[in-house]
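Asks: I am attaching a structure below and will ask some questions about it afterwards.
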Amino acid sequence: MIRFDNITKIYYCDKKPIKALSDTSFEIKKGEFVSIVGKSGAGKTTLIKLLIREETPTNGGIFFKERLIGEMNSKNIQLLRRKIGVAHQDYKLLYQKNVWENIAYVMQVIGVSDRDISHNIPQILNMVNLTERQNNFPEELSGGERQRLVIARSLCHRPEVIVADEPTGNLDLYNAFEIIGLLEKIHSLGTTVILATHDKEIIDRLNHRVITLENGKIIRDVEKGKFIL
Amino acid sequence: MFTSLKRTIKFGWQIISRNKGLGLQVVFIMVVAVFILTSLFLFRDLSGLLINEAKKKVDISVYFKKDVGQEEILRVEQELYRFSGDIEGTQYISKEEAREIFIQRHKDDPLYLEALEEVGENPFLASLNIESGSPVFYAKISEFLTQGPFKDLVQEVSYYENEKVINKLFNLISGIEKAGLIIGLFLIILVFLINFNTIKLTTLSFKNEISTMRLVGASNRFIRTPFLIQGFFYGLVSILIVDFIFFLSFIVWGKILQSWLLNFNLLNYFKESFFSLLFWQIIFIIILGVFSSSIAVRKYLKV
């Protein structure tokens, strides 16, 4: 479903090159649950940005359902992004909209009717324990609540792929496992899940495929892996 | 499509209602812009009227010899119209009428009236006042009268005495018209640039929002349209404010201004030309508010 083919990504900082990813290749099949682990700066977030064309690779190609993302036009990129629900590490919320409106926006983008939105959002809010906060704006939420909102927004429109970038970073253990449980539940319904994290406990518990990144390179790719760095 | 439009209008209203401070700033700047445009619109028509009135005041007088009869003078008048199509009007004043005008003008001046009594007979000459739209034609008409077939009938033509003043006045009028146009254009461009930058800066504050909207797969139109609605709304509010200010001003100060402006009724003029003015104001805010918002947002929509 998703294929990274010899991907290299170089950033330039004060004209000095920084290699975020180096000749990285891997494939994710439909319905897989893949954890991408690594220290901070290993390249996890870069992988995610490349997948949704927020960044473009310096070399190599990324394929989504056999279509090269680099050759997609503006309209197709918009369609691609609707198929991939991303829970960003830095939230990327709409601060002008409240909790309800943040979730509703994604559904409105894909054309869901107001009736269906009104029906679905309460369930989603309940799943992430944000029912009481539906009228609050992001700046009124705690870090953990924002994280849960981001998760809710990423899965509300039932995308084909869910990408969660450090989704438990600001959560207490209880909420963290609740979120992971939610991701597993969604996965069990057939959604492809990509989880980027450096949380050992979660990885060891999940017992799914683990891709380990170090300095922009894949050093390990194990079917039922543990967190080993 | 209708649902999408309804949503974008709702989003536009959300931006407006949740950014009141920002909105006030933008409306203030747009009020200044619309105020200047409206003033130029009014000035254009008002100055046109005043200039035409000034042109009307400029005329030349042809004085005929004592023994020239009314029939001959009227024949001269007809020939003048055939000679030049640029004559805008003529007025025949007989010797008797000229005497009556003099008496009326100086009725409170016994010295003048006594002097007239002393002279005894009517010292005034019959005359023809001629109006034309250009100093060039006054010169032609004067030449025709003093050197043409009627030179023996003509005592004097007042043009040569006032030639310099007449030329200066027409040059001044032409200068005012050109200067008005240049200053007007300059102000419009200046105001447009200031407003465009203001709108660009306000859009900058939405940069991160727009980026997030792109990342969740919103189309460019879905992102852009609420900002266009915002720009149009601010423009409409600024039009309302400006028109209200002008309307109120003309009610309060209209009569005073009327006496200075050759009886030009500003309030009536404003009412009569309201829809025409509104049309141009709306075009202006579409270019200014909507167009500027579109350009400002476009920068952040590039994938």
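If you're wondering about the labels, chains in the structure tokens are A, B, ... by order shown, residues count from 1 in each chain, ligands from 1 in order shown.
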Please tabulate, as CSV, the residues of chain B that come within 9 Å of chain A, each with its closest pair of atoms and the distance in Å to one decimal, counting only C-alpha atoms and ordering rows by chain, then residue number upward.

Replies:
residue,atom,partner,partner_atom,distance
B:Thr3,CA,A:Ser113,CA,8.1
B:Ser4,CA,A:Gly111,CA,7.6
B:Arg7,CA,A:Gln108,CA,8.0
B:Gln14,CA,A:Gln96,CA,8.1
B:Ile15,CA,A:Gln96,CA,7.4
B:Arg18,CA,A:Gln96,CA,7.2
B:Asn19,CA,A:Gln96,CA,8.8
B:Asn208,CA,A:Lys92,CA,8.0
B:Glu209,CA,A:Leu94,CA,5.6
B:Ile210,CA,A:Leu94,CA,8.7
B:Ser211,CA,A:Lys92,CA,8.5
B:Thr212,CA,A:Lys92,CA,5.8
B:Met213,CA,A:Leu94,CA,7.9
B:Arg214,CA,A:Gln78,CA,7.4
B:Leu215,CA,A:Arg81,CA,6.4
B:Val216,CA,A:Arg81,CA,5.7
B:Gly217,CA,A:Gln78,CA,4.3
B:Ala218,CA,A:Val109,CA,5.4
B:Ser219,CA,A:Gln78,CA,6.4
B:Asn220,CA,A:Lys75,CA,8.9
B:Phe222,CA,A:Val109,CA,7.7
B:Lys302,CA,A:Ser74,CA,8.4
B:Val303,CA,A:Ser74,CA,6.5

Asks: Kindly save the residues from that selection, with C-alpha atoms included, as a PDB file, in the first residue's frame.

Replies:
ATOM      1  CA  THR B   3     -23.720  22.644   1.259  1.00  0.00           C
ATOM      2  CA  SER B   4     -20.133  23.573   0.472  1.00  0.00           C
ATOM      3  CA  ARG B   7     -20.163  25.970   4.948  1.00  0.00           C
ATOM      4  CA  GLN B  14     -16.569  32.544  12.052  1.00  0.00           C
ATOM      5  CA  ILE B  15     -13.375  34.324  11.011  1.00  0.00           C
ATOM      6  CA  ARG B  18     -13.814  35.528  16.249  1.00  0.00           C
ATOM      7  CA  ASN B  19     -11.368  38.218  15.172  1.00  0.00           C
ATOM      8  CA  ASN B 208      -0.693  28.287  10.379  1.00  0.00           C
ATOM      9  CA  GLU B 209      -4.439  27.691  10.118  1.00  0.00           C
ATOM     10  CA  ILE B 210      -4.241  27.658   6.337  1.00  0.00           C
ATOM     11  CA  SER B 211      -1.307  25.266   6.495  1.00  0.00           C
ATOM     12  CA  THR B 212      -3.268  22.868   8.725  1.00  0.00           C
ATOM     13  CA  MET B 213      -6.305  23.078   6.467  1.00  0.00           C
ATOM     14  CA  ARG B 214      -4.084  22.082   3.540  1.00  0.00           C
ATOM     15  CA  LEU B 215      -2.682  19.149   5.486  1.00  0.00           C
ATOM     16  CA  VAL B 216      -6.110  17.686   6.200  1.00  0.00           C
ATOM     17  CA  GLY B 217      -6.890  17.740   2.481  1.00  0.00           C
ATOM     18  CA  ALA B 218      -9.036  20.868   2.105  1.00  0.00           C
ATOM     19  CA  SER B 219      -9.183  22.185  -1.456  1.00  0.00           C
ATOM     20  CA  ASN B 220      -7.804  25.637  -2.263  1.00  0.00           C
ATOM     21  CA  PHE B 222     -12.573  25.552   0.401  1.00  0.00           C
ATOM     22  CA  LYS B 302       1.015  26.375  -2.742  1.00  0.00           C
ATOM     23  CA  VAL B 303       1.584  22.671  -2.229  1.00  0.00           C
TER      24      VAL B 303
END

Asks: With DSSP run on the backbone, what are the strand (DSSP E or B) residues within range 78-295 of chain B? I'd like them as an MDAnalysis selection string.

Replies: chainID B and resid 87:93 127:132 154:157

Asks: I'd like to know which residues of range 34-71 of chain B are helix (DSSP H, G or I) (by DSSP, run on the backbone); could you write them as a list in words?

Replies: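 The helix (DSSP H, G or I) subset of range 34-71 of chain B is Val34, Phe35, Ile36, Leu37, Thr38, Ser39, Leu40, Phe41, Leu42, Phe43, Arg44, Asp45, Leu46, Ser47, Gly48, Leu49, Leu50, Ile51, Asn52, Glu53, Ala54, Lys55, Lys56, Lys57, Gln70 and Glu71 of chain B.
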
Asks: Would you compute the distance between CA of Glu156 in chain B and CA of Lys95 in chain B? Give it in Å to one decimal.

Replies: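 CA of Glu156 in chain B sits 14.6 Å away from CA of Lys95 in chain B.
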
Asks: List as a list in words the protein and nucleic acid residues near Gln123 in chain A, meaning an atom at most 12 Å away when only C-alpha atoms are counted, but skip any in the same chain fewer than 5 places from it.

Replies: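 So, after excluding close chain neighbours, the residues are Trp100, Ile103, Asp116, Ile117, Ser118, Val128, Asn129, Leu130, Thr131, Gln134, Ala152, Leu155 and Cys156 of chain A.
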
Asks: Which of these, A:Val193, A:Leu141, A:Ile10, A:Val150, has the shortest distance to Ile124 in chain A once you count only C-alpha atoms?

Replies: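 Smallest distance to Ile124 in chain A is found for A:Val150.
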
Asks: What is the CA of Ile162 in chain A-CA of Thr191 in chain A distance in Å, reported with one decimal?

Replies: 7.2 Å

Asks: Excluding Leu189 in chain A and any residue of its chain fewer than 4 positions from it, enumerate the residues within 12 Å of it, using only C-alpha atoms, and give them as a VMD selection string.

Replies: chain A and resid 30 to 33 158 to 161 182 to 185 193

Asks: Emit the selected residues as a PDB file, in the first residue's frame, including N, CA and C atoms.

Replies:
ATOM      1  N   LYS A  30      -1.469  -3.167   3.208  1.00  0.00           N
ATOM      2  CA  LYS A  30      -2.800  -2.734   3.649  1.00  0.00           C
ATOM      3  C   LYS A  30      -3.194  -3.506   4.904  1.00  0.00           C
ATOM      4  N   GLY A  31      -3.652  -2.791   5.899  1.00  0.00           N
ATOM      5  CA  GLY A  31      -4.123  -3.437   7.109  1.00  0.00           C
ATOM      6  C   GLY A  31      -3.040  -3.731   8.137  1.00  0.00           C
ATOM      7  N   GLU A  32      -1.797  -3.331   7.847  1.00  0.00           N
ATOM      8  CA  GLU A  32      -0.723  -3.577   8.797  1.00  0.00           C
ATOM      9  C   GLU A  32      -0.742  -2.573   9.933  1.00  0.00           C
ATOM     10  N   PHE A  33      -0.136  -2.973  11.044  1.00  0.00           N
ATOM     11  CA  PHE A  33       0.105  -2.040  12.161  1.00  0.00           C
ATOM     12  C   PHE A  33       1.626  -1.990  12.290  1.00  0.00           C
ATOM     13  N   ARG A 158     -12.676   8.171   9.064  1.00  0.00           N
ATOM     14  CA  ARG A 158     -12.388   6.770   8.699  1.00  0.00           C
ATOM     15  C   ARG A 158     -11.442   6.679   7.502  1.00  0.00           C
ATOM     16  N   PRO A 159     -10.235   7.193   7.670  1.00  0.00           N
ATOM     17  CA  PRO A 159      -9.285   7.160   6.548  1.00  0.00           C
ATOM     18  C   PRO A 159      -8.744   5.744   6.339  1.00  0.00           C
ATOM     19  N   GLU A 160      -8.092   5.560   5.220  1.00  0.00           N
ATOM     20  CA  GLU A 160      -7.505   4.247   4.931  1.00  0.00           C
ATOM     21  C   GLU A 160      -6.263   4.000   5.782  1.00  0.00           C
ATOM     22  N   VAL A 161      -5.571   5.099   6.070  1.00  0.00           N
ATOM     23  CA  VAL A 161      -4.336   4.995   6.861  1.00  0.00           C
ATOM     24  C   VAL A 161      -4.398   6.011   8.000  1.00  0.00           C
ATOM     25  N   LEU A 182      -7.286   2.386  21.347  1.00  0.00           N
ATOM     26  CA  LEU A 182      -8.158   2.913  20.285  1.00  0.00           C
ATOM     27  C   LEU A 182      -7.550   2.635  18.909  1.00  0.00           C
ATOM     28  N   LEU A 183      -6.260   2.855  18.819  1.00  0.00           N
ATOM     29  CA  LEU A 183      -5.572   2.599  17.540  1.00  0.00           C
ATOM     30  C   LEU A 183      -5.643   1.113  17.171  1.00  0.00           C
ATOM     31  N   GLU A 184      -5.502   0.299  18.179  1.00  0.00           N
ATOM     32  CA  GLU A 184      -5.577  -1.163  17.904  1.00  0.00           C
ATOM     33  C   GLU A 184      -6.975  -1.556  17.465  1.00  0.00           C
ATOM     34  N   LYS A 185      -7.956  -0.932  18.065  1.00  0.00           N
ATOM     35  CA  LYS A 185      -9.348  -1.228  17.708  1.00  0.00           C
ATOM     36  C   LYS A 185      -9.611  -0.821  16.257  1.00  0.00           C
ATOM     37  N   VAL A 193      -2.301   1.225  10.214  1.00  0.00           N
ATOM     38  CA  VAL A 193      -1.882   2.151  11.272  1.00  0.00           C
ATOM     39  C   VAL A 193      -0.362   2.256  11.280  1.00  0.00           C
TER      40      VAL A 193
END

Asks: Which residues are near Gly235 in chain B? Cut-off 10 Å, only C-alpha atoms, ignore same chain within fewer than 2 positions. Put them as a VMD selection string.

Replies: chain B and resid 26 to 27 29 to 31 33 to 34 229 to 233 237 to 241 281 to 282 284 to 290

Asks: Go ahead and write the residues just picked, N, CA and C atoms, as a short mmCIF file (atom, residue, chain, number, x, y, z; two decimals), in the first residue's frame.

Replies:
data_model
loop_
_atom_site.label_atom_id
_atom_site.label_comp_id
_atom_site.auth_asym_id
_atom_site.auth_seq_id
_atom_site.Cartn_x
_atom_site.Cartn_y
_atom_site.Cartn_z
N VAL B 26 -9.00 46.38 10.01
CA VAL B 26 -9.18 46.28 8.55
C VAL B 26 -10.29 47.21 8.09
N VAL B 27 -11.38 47.25 8.85
CA VAL B 27 -12.52 48.11 8.48
C VAL B 27 -12.08 49.58 8.52
N ILE B 29 -9.12 50.87 8.01
CA ILE B 29 -8.30 51.17 6.82
C ILE B 29 -9.17 51.23 5.57
N MET B 30 -10.13 50.33 5.48
CA MET B 30 -11.00 50.32 4.29
C MET B 30 -11.94 51.52 4.29
N VAL B 31 -12.34 51.97 5.47
CA VAL B 31 -13.19 53.17 5.54
C VAL B 31 -12.42 54.36 4.95
N ALA B 33 -10.08 54.23 2.76
CA ALA B 33 -9.98 54.01 1.31
C ALA B 33 -11.29 54.37 0.61
N VAL B 34 -12.40 53.87 1.15
CA VAL B 34 -13.70 54.13 0.52
C VAL B 34 -14.07 55.61 0.64
N ILE B 229 -14.95 36.04 1.60
CA ILE B 229 -16.19 36.50 2.24
C ILE B 229 -15.87 37.52 3.32
N GLN B 230 -14.83 37.22 4.08
CA GLN B 230 -14.37 38.14 5.13
C GLN B 230 -14.03 39.50 4.52
N GLY B 231 -13.24 39.48 3.44
CA GLY B 231 -12.83 40.72 2.77
C GLY B 231 -14.02 41.51 2.25
N PHE B 232 -14.97 40.81 1.65
CA PHE B 232 -16.16 41.45 1.11
C PHE B 232 -17.02 42.05 2.22
N PHE B 233 -17.14 41.31 3.31
CA PHE B 233 -17.93 41.80 4.44
C PHE B 233 -17.34 43.09 5.01
N VAL B 237 -19.17 46.79 5.16
CA VAL B 237 -19.30 47.57 6.41
C VAL B 237 -18.68 48.95 6.21
N SER B 238 -17.51 48.98 5.54
CA SER B 238 -16.84 50.27 5.34
C SER B 238 -17.69 51.17 4.44
N ILE B 239 -18.36 50.60 3.43
CA ILE B 239 -19.25 51.38 2.56
C ILE B 239 -20.39 51.98 3.37
N LEU B 240 -20.98 51.14 4.22
CA LEU B 240 -22.10 51.62 5.05
C LEU B 240 -21.67 52.78 5.92
N ILE B 241 -20.49 52.64 6.53
CA ILE B 241 -19.99 53.69 7.43
C ILE B 241 -19.76 54.97 6.66
N GLN B 281 -18.45 51.91 -5.50
CA GLN B 281 -17.90 51.53 -4.20
C GLN B 281 -17.79 50.01 -4.09
N ILE B 282 -18.81 49.30 -4.57
CA ILE B 282 -18.79 47.83 -4.49
C ILE B 282 -17.69 47.27 -5.39
N PHE B 284 -15.00 48.74 -6.14
CA PHE B 284 -13.76 49.09 -5.46
C PHE B 284 -13.44 48.10 -4.35
N ILE B 285 -14.44 47.78 -3.52
CA ILE B 285 -14.16 46.87 -2.41
C ILE B 285 -13.97 45.43 -2.88
N ILE B 286 -14.56 45.10 -4.02
CA ILE B 286 -14.30 43.77 -4.58
C ILE B 286 -12.83 43.69 -4.99
N ILE B 287 -12.36 44.74 -5.66
CA ILE B 287 -10.96 44.76 -6.07
C ILE B 287 -10.07 44.83 -4.83
N LEU B 288 -10.42 45.71 -3.94
CA LEU B 288 -9.58 45.93 -2.78
C LEU B 288 -9.65 44.78 -1.78
N GLY B 289 -10.87 44.50 -1.29
CA GLY B 289 -11.03 43.51 -0.22
C GLY B 289 -10.92 42.08 -0.71
N VAL B 290 -11.69 41.75 -1.72
CA VAL B 290 -11.77 40.37 -2.17
C VAL B 290 -10.50 39.97 -2.92
#
